Amino acid sequence: MSSRRAEPDQTAPGARAARRHPLRTGALLVVLALPLTACENEVVGGSAPEQLTVLADEAGEGISEWRGGADDFTDHPYEPEGVEISVAYPEFEGAEAFSEALAARVDQEVQDFRAGTRDPVGLDIAWELVAAGGGVLGVRLVQTEQDMHGLREAYSTYWYDARAGAAAFSTELLAGQEELAELNTIVREELAGDGDVDPEALWPVLRTYDSIGFNGSGDLVVEFDDGHLSPIVDEHVPDSGPGRKTVVVGHERAEPLLSDLGSRAREAALVEEPDLALPGADGADEEAEAAQPPGVVIAGDPEVDCYDGETKCVALTFDDGPVEATPHLLDLLAEEEVTASFFLNGGPVLTRPSVLRRAYAEGHEVASHGDEHEHMNKMAAEDLAGQTAAVSAMVRRQTGHTVELFRPPFGATDEAVHEVIADQDMAEVAWTMDSQDWKGIDRDEIVDNVLTRIEPGAVVLMHDPQPATLAAVPEIIERLRELDYVFVTSSQAIGGPEPGNVYPPDWDGNW
């Protein structure tokens, strides 16, 4: 996906003398006046270890700048009125793939801010060049946003490897998922004494580690968005007040974790002056292209084939979370090594984003159950797009994952609901077997409902807010295993749902 782009803005001042300076830290110190305008970051002195190096933050020789506003982003699924948008990103001669990647990233951020926040007011995205040398570029995006919950900043750093002719996420500075998990362990250790940080908020996923770079001494710097690591506050988004959190990992400790790109990115961050000369690509590495970036998790076991004529599959699905009890459910599933699917609502996701990240990190399928838990087939047509887009945006902002499945609350659907879900490239998934836990029945009745109706390929409806359901899950797992069932995701049980289709095919919303 790419932004609707005008010609690059070439009107910014000429190239300044290259220098290295720190970025802003902590909570934002001034109130941002809206409407927002593309900010020009103040250059300050010093070289604090928790700061990434910055070589430039405005257009100049070899760097042009694209600037845009709300009118440049007009084909998103949901576009609330009155939201101020002001964004900018750099473009480099000879690095068209990087420009396209930054354009797509900015486009996605605008889309997800509009859909995934409550009463959005304004969004500003500015940029800084944090590395330039040896055919490697690094660009840090600083995202300032305001909605009904206040003002906060978010940070993401993207990389370009001219040898490969490809853009990369920050996690690709690391050699692989094991190295990202090791970095996550280091970060947990370093932040263990910080009362503003919930250690359960840290999971080795793409959007938690979306801003990694190097300071002036060549140490690895990991930075976290305002509130990303804050403890859960019931019925409220995590507090952004503690501001930006960072962990600095000394080079000797970090070096074994780095990929080849990571090692070269470190050198590119330590140059005295930015070197924007970019060699031609050596040719794509097909194996590297096929590999998922560290922090991207594939749900379920890809080796399981539910349609091989032998394997008996069952998908346990849980609606209406995440809630206070969901971590306990995740503990149960982890202990039993069971994969499940979670169909999430908007309010709970905003309140407990760290639980969402855990479910994703542990290989469960995360999907949408709509923003509000209301009958969508009774809503006005103009309200459907926002209901459908919200959770998808929230999930992507927290994990990087793009949701593929949507389950309307109560299973209530009609042709208008089908259409808006299809327009947003999702499949509509109901269930084939109802545990009836939502009726308030007890543990034994839930177990009996599942066991007496089970059949291969079943998609079982349950709800993690129900205490009796959590009590029933261990026995359901045990007894289904005795019947040789294999636990899979909804997508696996269905056999690879296609966007725009409804599953089961004869689902009419009235079952």
# chains A, B, ... in the order shown; residues from 1 in each chain; ligands from 1

call {"tool": "select_by_dssp", "arguments": {"residues": "region 49-152 of chain A", "states": "strand (DSSP E)", "output": "JSON, numbers by chain"}}
result
{"A": [63, 64, 65, 66, 67, 68, 69, 84, 85, 86, 87, 88, 89, 90, 91, 92, 122, 123, 124, 125, 126, 127, 128, 129, 130, 131, 132, 133, 136, 137, 138, 139, 140, 141, 142, 143, 144, 145, 146, 147, 150, 151, 152]}

call {"tool": "write_last_selection", "arguments": {"atoms": "N, CA and C atoms", "output": "CSV table (one decimal), in the first residue's frame"}}
result
chain,number,residue,atom,x,y,z
A,63,ILE,N,18.7,14.7,-0.4
A,63,ILE,CA,17.5,14.3,0.4
A,63,ILE,C,16.4,15.3,0.0
A,64,SER,N,15.3,14.8,-0.6
A,64,SER,CA,14.1,15.6,-0.7
A,64,SER,C,13.1,15.2,0.3
A,65,GLU,N,12.0,15.9,0.4
A,65,GLU,CA,11.0,15.6,1.4
A,65,GLU,C,9.6,15.6,0.8
A,66,TRP,N,8.9,14.5,1.2
A,66,TRP,CA,7.5,14.5,0.8
A,66,TRP,C,6.7,14.9,2.0
A,67,ARG,N,5.7,15.9,1.8
A,67,ARG,CA,4.9,16.3,2.8
A,67,ARG,C,3.4,16.2,2.4
A,68,GLY,N,2.6,15.8,3.3
A,68,GLY,CA,1.2,15.6,3.0
A,68,GLY,C,0.2,15.9,4.1
A,69,GLY,N,-1.0,16.0,3.8
A,69,GLY,CA,-2.1,16.2,4.8
A,69,GLY,C,-3.2,15.3,4.6
A,84,GLU,N,-7.0,16.3,11.8
A,84,GLU,CA,-5.9,17.0,11.2
A,84,GLU,C,-4.7,16.0,11.0
A,85,ILE,N,-4.2,16.0,9.8
A,85,ILE,CA,-3.1,15.1,9.4
A,85,ILE,C,-1.9,16.0,8.8
A,86,SER,N,-0.7,15.8,9.3
A,86,SER,CA,0.4,16.5,8.8
A,86,SER,C,1.6,15.6,8.9
A,87,VAL,N,2.1,15.1,7.7
A,87,VAL,CA,3.2,14.1,7.7
A,87,VAL,C,4.3,14.4,6.8
A,88,ALA,N,5.4,13.9,7.0
A,88,ALA,CA,6.6,14.1,6.2
A,88,ALA,C,7.5,12.9,6.3
A,89,TYR,N,8.2,12.6,5.2
A,89,TYR,CA,9.2,11.6,5.2
A,89,TYR,C,10.2,11.9,4.1
A,90,PRO,N,11.5,11.5,4.3
A,90,PRO,CA,12.5,11.8,3.3
A,90,PRO,C,12.5,10.9,2.1
A,91,GLU,N,13.1,11.3,1.0
A,91,GLU,CA,13.3,10.5,-0.2
A,91,GLU,C,14.7,10.7,-0.6
A,92,PHE,N,15.4,9.6,-1.0
A,92,PHE,CA,16.8,9.6,-1.3
A,92,PHE,C,17.0,9.2,-2.8
A,122,GLY,N,-5.7,14.7,15.9
A,122,GLY,CA,-4.7,15.1,15.0
A,122,GLY,C,-3.5,14.2,15.1
A,123,LEU,N,-2.8,14.1,13.9
A,123,LEU,CA,-1.6,13.3,13.8
A,123,LEU,C,-0.5,14.0,13.1
A,124,ASP,N,0.7,14.0,13.6
A,124,ASP,CA,1.9,14.6,13.0
A,124,ASP,C,3.0,13.6,12.9
A,125,ILE,N,3.6,13.4,11.7
A,125,ILE,CA,4.7,12.5,11.6
A,125,ILE,C,5.9,13.3,11.0
A,126,ALA,N,7.0,13.3,11.8
A,126,ALA,CA,8.2,13.9,11.3
A,126,ALA,C,9.3,12.9,11.2
A,127,TRP,N,10.5,13.2,10.7
A,127,TRP,CA,11.5,12.2,10.4
A,127,TRP,C,12.9,12.8,10.8
A,128,GLU,N,13.8,11.8,11.0
A,128,GLU,CA,15.2,12.1,11.3
A,128,GLU,C,16.0,11.0,10.6
A,129,LEU,N,17.1,11.4,10.0
A,129,LEU,CA,18.1,10.5,9.4
A,129,LEU,C,19.0,10.0,10.5
A,130,VAL,N,19.0,8.7,10.9
A,130,VAL,CA,19.8,8.3,12.0
A,130,VAL,C,21.0,7.4,11.5
A,131,ALA,N,21.2,7.2,10.2
A,131,ALA,CA,22.3,6.4,9.7
A,131,ALA,C,22.4,6.7,8.2
A,132,ALA,N,23.7,6.8,7.8
A,132,ALA,CA,23.9,7.0,6.3
A,132,ALA,C,25.3,6.7,6.0
A,133,GLY,N,25.6,5.5,5.5
A,133,GLY,CA,27.0,5.2,5.2
A,133,GLY,C,27.1,3.7,4.7
A,136,VAL,N,23.9,1.9,3.6
A,136,VAL,CA,22.8,1.7,4.6
A,136,VAL,C,22.3,3.0,5.0
A,137,LEU,N,20.9,3.1,5.0
A,137,LEU,CA,20.2,4.3,5.5
A,137,LEU,C,19.3,3.9,6.6
A,138,GLY,N,19.2,4.8,7.6
A,138,GLY,CA,18.2,4.6,8.7
A,138,GLY,C,17.4,5.9,8.9
A,139,VAL,N,16.1,5.7,8.9
A,139,VAL,CA,15.2,6.8,9.1
A,139,VAL,C,14.2,6.5,10.3
A,140,ARG,N,14.2,7.5,11.2
A,140,ARG,CA,13.4,7.4,12.4
A,140,ARG,C,12.2,8.3,12.2
A,141,LEU,N,11.0,7.7,12.3
A,141,LEU,CA,9.7,8.5,12.3
A,141,LEU,C,9.2,8.8,13.7
A,142,VAL,N,8.9,10.1,13.9
A,142,VAL,CA,8.4,10.5,15.2
A,142,VAL,C,6.9,10.9,15.0
A,143,GLN,N,6.1,10.1,15.7
A,143,GLN,CA,4.6,10.2,15.5
A,143,GLN,C,4.0,10.9,16.7
A,144,THR,N,3.4,12.1,16.6
A,144,THR,CA,2.8,12.7,17.7
A,144,THR,C,1.3,12.7,17.4
A,145,GLU,N,0.5,12.2,18.3
A,145,GLU,CA,-0.9,12.0,18.0
A,145,GLU,C,-1.7,12.5,19.2
A,146,GLN,N,-3.0,12.9,18.9
A,146,GLN,CA,-3.9,13.3,20.0
A,146,GLN,C,-5.2,12.8,19.7
A,147,ASP,N,-5.9,12.2,20.8
A,147,ASP,CA,-7.2,11.8,20.7
A,147,ASP,C,-7.9,12.1,22.0
A,150,GLY,N,-5.7,12.0,25.1
A,150,GLY,CA,-4.6,13.0,25.3
A,150,GLY,C,-3.6,12.9,24.2
A,151,LEU,N,-2.4,13.4,24.5
A,151,LEU,CA,-1.3,13.5,23.6
A,151,LEU,C,-0.2,12.5,23.9
A,152,ARG,N,0.4,11.9,22.9
A,152,ARG,CA,1.5,10.9,23.1
A,152,ARG,C,2.3,10.9,21.8

call {"tool": "residues_around", "arguments": {"residues": "region 501-504 of chain A", "least_positions_apart": "4", "cutoff": "7 Å", "atoms": "only C-alpha atoms", "output": "PyMOL selection string"}}
result
chain A and resi 427-430

call {"tool": "write_last_selection", "arguments": {"atoms": "N, CA and C atoms", "output": "short mmCIF file (atom, residue, chain, number, x, y, z; two decimals), in the first residue's frame"}}
result
data_model
loop_
_atom_site.label_atom_id
_atom_site.label_comp_id
_atom_site.auth_asym_id
_atom_site.auth_seq_id
_atom_site.Cartn_x
_atom_site.Cartn_y
_atom_site.Cartn_z
N ALA A 427 -12.17 -12.23 5.84
CA ALA A 427 -13.19 -13.26 5.73
C ALA A 427 -14.09 -13.19 6.97
N GLU A 428 -15.35 -13.52 6.79
CA GLU A 428 -16.32 -13.50 7.89
C GLU A 428 -16.46 -14.92 8.43
N VAL A 429 -16.15 -15.08 9.71
CA VAL A 429 -16.10 -16.42 10.29
C VAL A 429 -17.01 -16.50 11.51
N ALA A 430 -17.95 -17.42 11.49
CA ALA A 430 -18.82 -17.63 12.63
C ALA A 430 -18.29 -18.83 13.43
#

call {"tool": "closest_residue", "arguments": {"among": "A:Leu183, A:Leu332, A:Leu191, A:Val221", "to": "Leu52 (chain A)", "atoms": "only C-alpha atoms"}}
result
A:Val221

call {"tool": "atom_distance", "arguments": {"atom1": "CA of Val450 (chain A)", "atom2": "CA of Ser435 (chain A)"}}
result
5.6 Å

call {"tool": "closest_residue", "arguments": {"among": "A:Glu374, A:Glu179, A:Asp107, A:Glu337", "to": "Asp72 (chain A)", "atoms": "only C-alpha atoms"}}
result
A:Asp107

call {"tool": "closest_atom_pairs", "arguments": {"of": "region 406-440 of chain A", "to": "region 461-472 of chain A", "cutoff": "9 Å", "atoms": "only C-alpha atoms", "output": "tab-separated table"}}
result
residue	atom	partner	partner_atom	distance
A:Ala430	CA	A:Leu461	CA	8.3
A:Trp431	CA	A:Leu461	CA	6.0
A:Thr432	CA	A:Leu461	CA	7.9
A:Met433	CA	A:Leu461	CA	6.2
A:Asp434	CA	A:Leu461	CA	4.9
A:Ser435	CA	A:Leu461	CA	5.8
A:Gln436	CA	A:Met462	CA	7.4
A:Asp437	CA	A:Met462	CA	6.3
A:Trp438	CA	A:His463	CA	7.0
A:Gly440	CA	A:Gln466	CA	7.7

call {"tool": "select_by_dssp", "arguments": {"residues": "region 306-478 of chain A", "states": "helix (DSSP H, G or I)", "output": "VMD selection string"}}
result
chain A and resid 326 to 336 346 to 351 353 to 361 376 to 378 381 to 399 409 to 411 415 to 423 437 to 439 443 to 453 467 to 478

call {"tool": "residues_around", "arguments": {"residues": "Ala299 (chain A)", "least_positions_apart": "3", "cutoff": "8 Å", "atoms": "only C-alpha atoms", "output": "NGL selection string"}}
result
:A and (339 or 360 or 363-365 or 489)

call {"tool": "write_last_selection", "arguments": {"atoms": "N, CA and C atoms", "output": "PDB file, in the first residue's frame"}}
result
ATOM      1  N   THR A 339      -3.013 -24.287  20.697  1.00  0.00           N
ATOM      2  CA  THR A 339      -3.236 -23.070  19.930  1.00  0.00           C
ATOM      3  C   THR A 339      -4.732 -22.801  19.856  1.00  0.00           C
ATOM      4  N   TYR A 360      -0.591 -12.960  20.651  1.00  0.00           N
ATOM      5  CA  TYR A 360       0.043 -13.010  19.331  1.00  0.00           C
ATOM      6  C   TYR A 360       1.423 -13.644  19.421  1.00  0.00           C
ATOM      7  N   GLY A 363       1.670 -17.420  19.546  1.00  0.00           N
ATOM      8  CA  GLY A 363       1.253 -18.203  18.389  1.00  0.00           C
ATOM      9  C   GLY A 363      -0.231 -18.424  18.245  1.00  0.00           C
ATOM     10  N   HIS A 364      -1.045 -17.679  18.992  1.00  0.00           N
ATOM     11  CA  HIS A 364      -2.493 -17.793  18.827  1.00  0.00           C
ATOM     12  C   HIS A 364      -2.955 -16.898  17.675  1.00  0.00           C
ATOM     13  N   GLU A 365      -4.087 -17.236  17.129  1.00  0.00           N
ATOM     14  CA  GLU A 365      -4.656 -16.426  16.059  1.00  0.00           C
ATOM     15  C   GLU A 365      -5.447 -15.281  16.682  1.00  0.00           C
ATOM     16  N   THR A 489      -5.936 -23.342  14.640  1.00  0.00           N
ATOM     17  CA  THR A 489      -6.612 -22.056  14.548  1.00  0.00           C
ATOM     18  C   THR A 489      -7.896 -22.189  13.734  1.00  0.00           C
TER      19      THR A 489
END

call {"tool": "residues_around", "arguments": {"residues": "Pro199 (chain A)", "least_positions_apart": "3", "cutoff": "9 Å", "atoms": "only C-alpha atoms", "output": "ChimeraX atom specification"}}
result
/A:188-189,191-192,202-203,229-231

call {"tool": "residues_around", "arguments": {"residues": "region 393-409 of chain A", "least_positions_apart": "4", "cutoff": "8 Å", "atoms": "only C-alpha atoms", "output": "number ranges by chain"}}
result
A: 111-113, 115-117, 205-208, 296, 343, 346, 349-350, 353, 356-357, 360, 366-370, 373-376, 388-389, 413, 421, 425-430, 499

call {"tool": "closest_residue", "arguments": {"among": "A:His149, A:Lys245, A:His76, A:Arg105", "to": "Gln51 (chain A)", "atoms": "only C-alpha atoms"}}
result
A:Lys245

call {"tool": "closest_residue", "arguments": {"among": "A:Ala390, A:Leu173, A:Ala315, A:Val304", "to": "Asn345 (chain A)", "atoms": "only C-alpha atoms"}}
result
A:Ala390

call {"tool": "atom_distance", "arguments": {"atom1": "CA of Tyr485 (chain A)", "atom2": "CA of Val323 (chain A)"}}
result
27.6 Å

call {"tool": "atom_distance", "arguments": {"atom1": "CA of Val460 (chain A)", "atom2": "CA of Pro327 (chain A)"}}
result
19.9 Å

call {"tool": "closest_residue", "arguments": {"among": "A:Gly218, A:Gly82, A:Pro294, A:Gly241", "to": "Arg266 (chain A)", "atoms": "only C-alpha atoms"}}
result
A:Gly218

call {"tool": "closest_residue", "arguments": {"among": "A:Leu276, A:Val121, A:Ala164, A:Phe169", "to": "Gly94 (chain A)", "atoms": "only C-alpha atoms"}}
result
A:Leu276
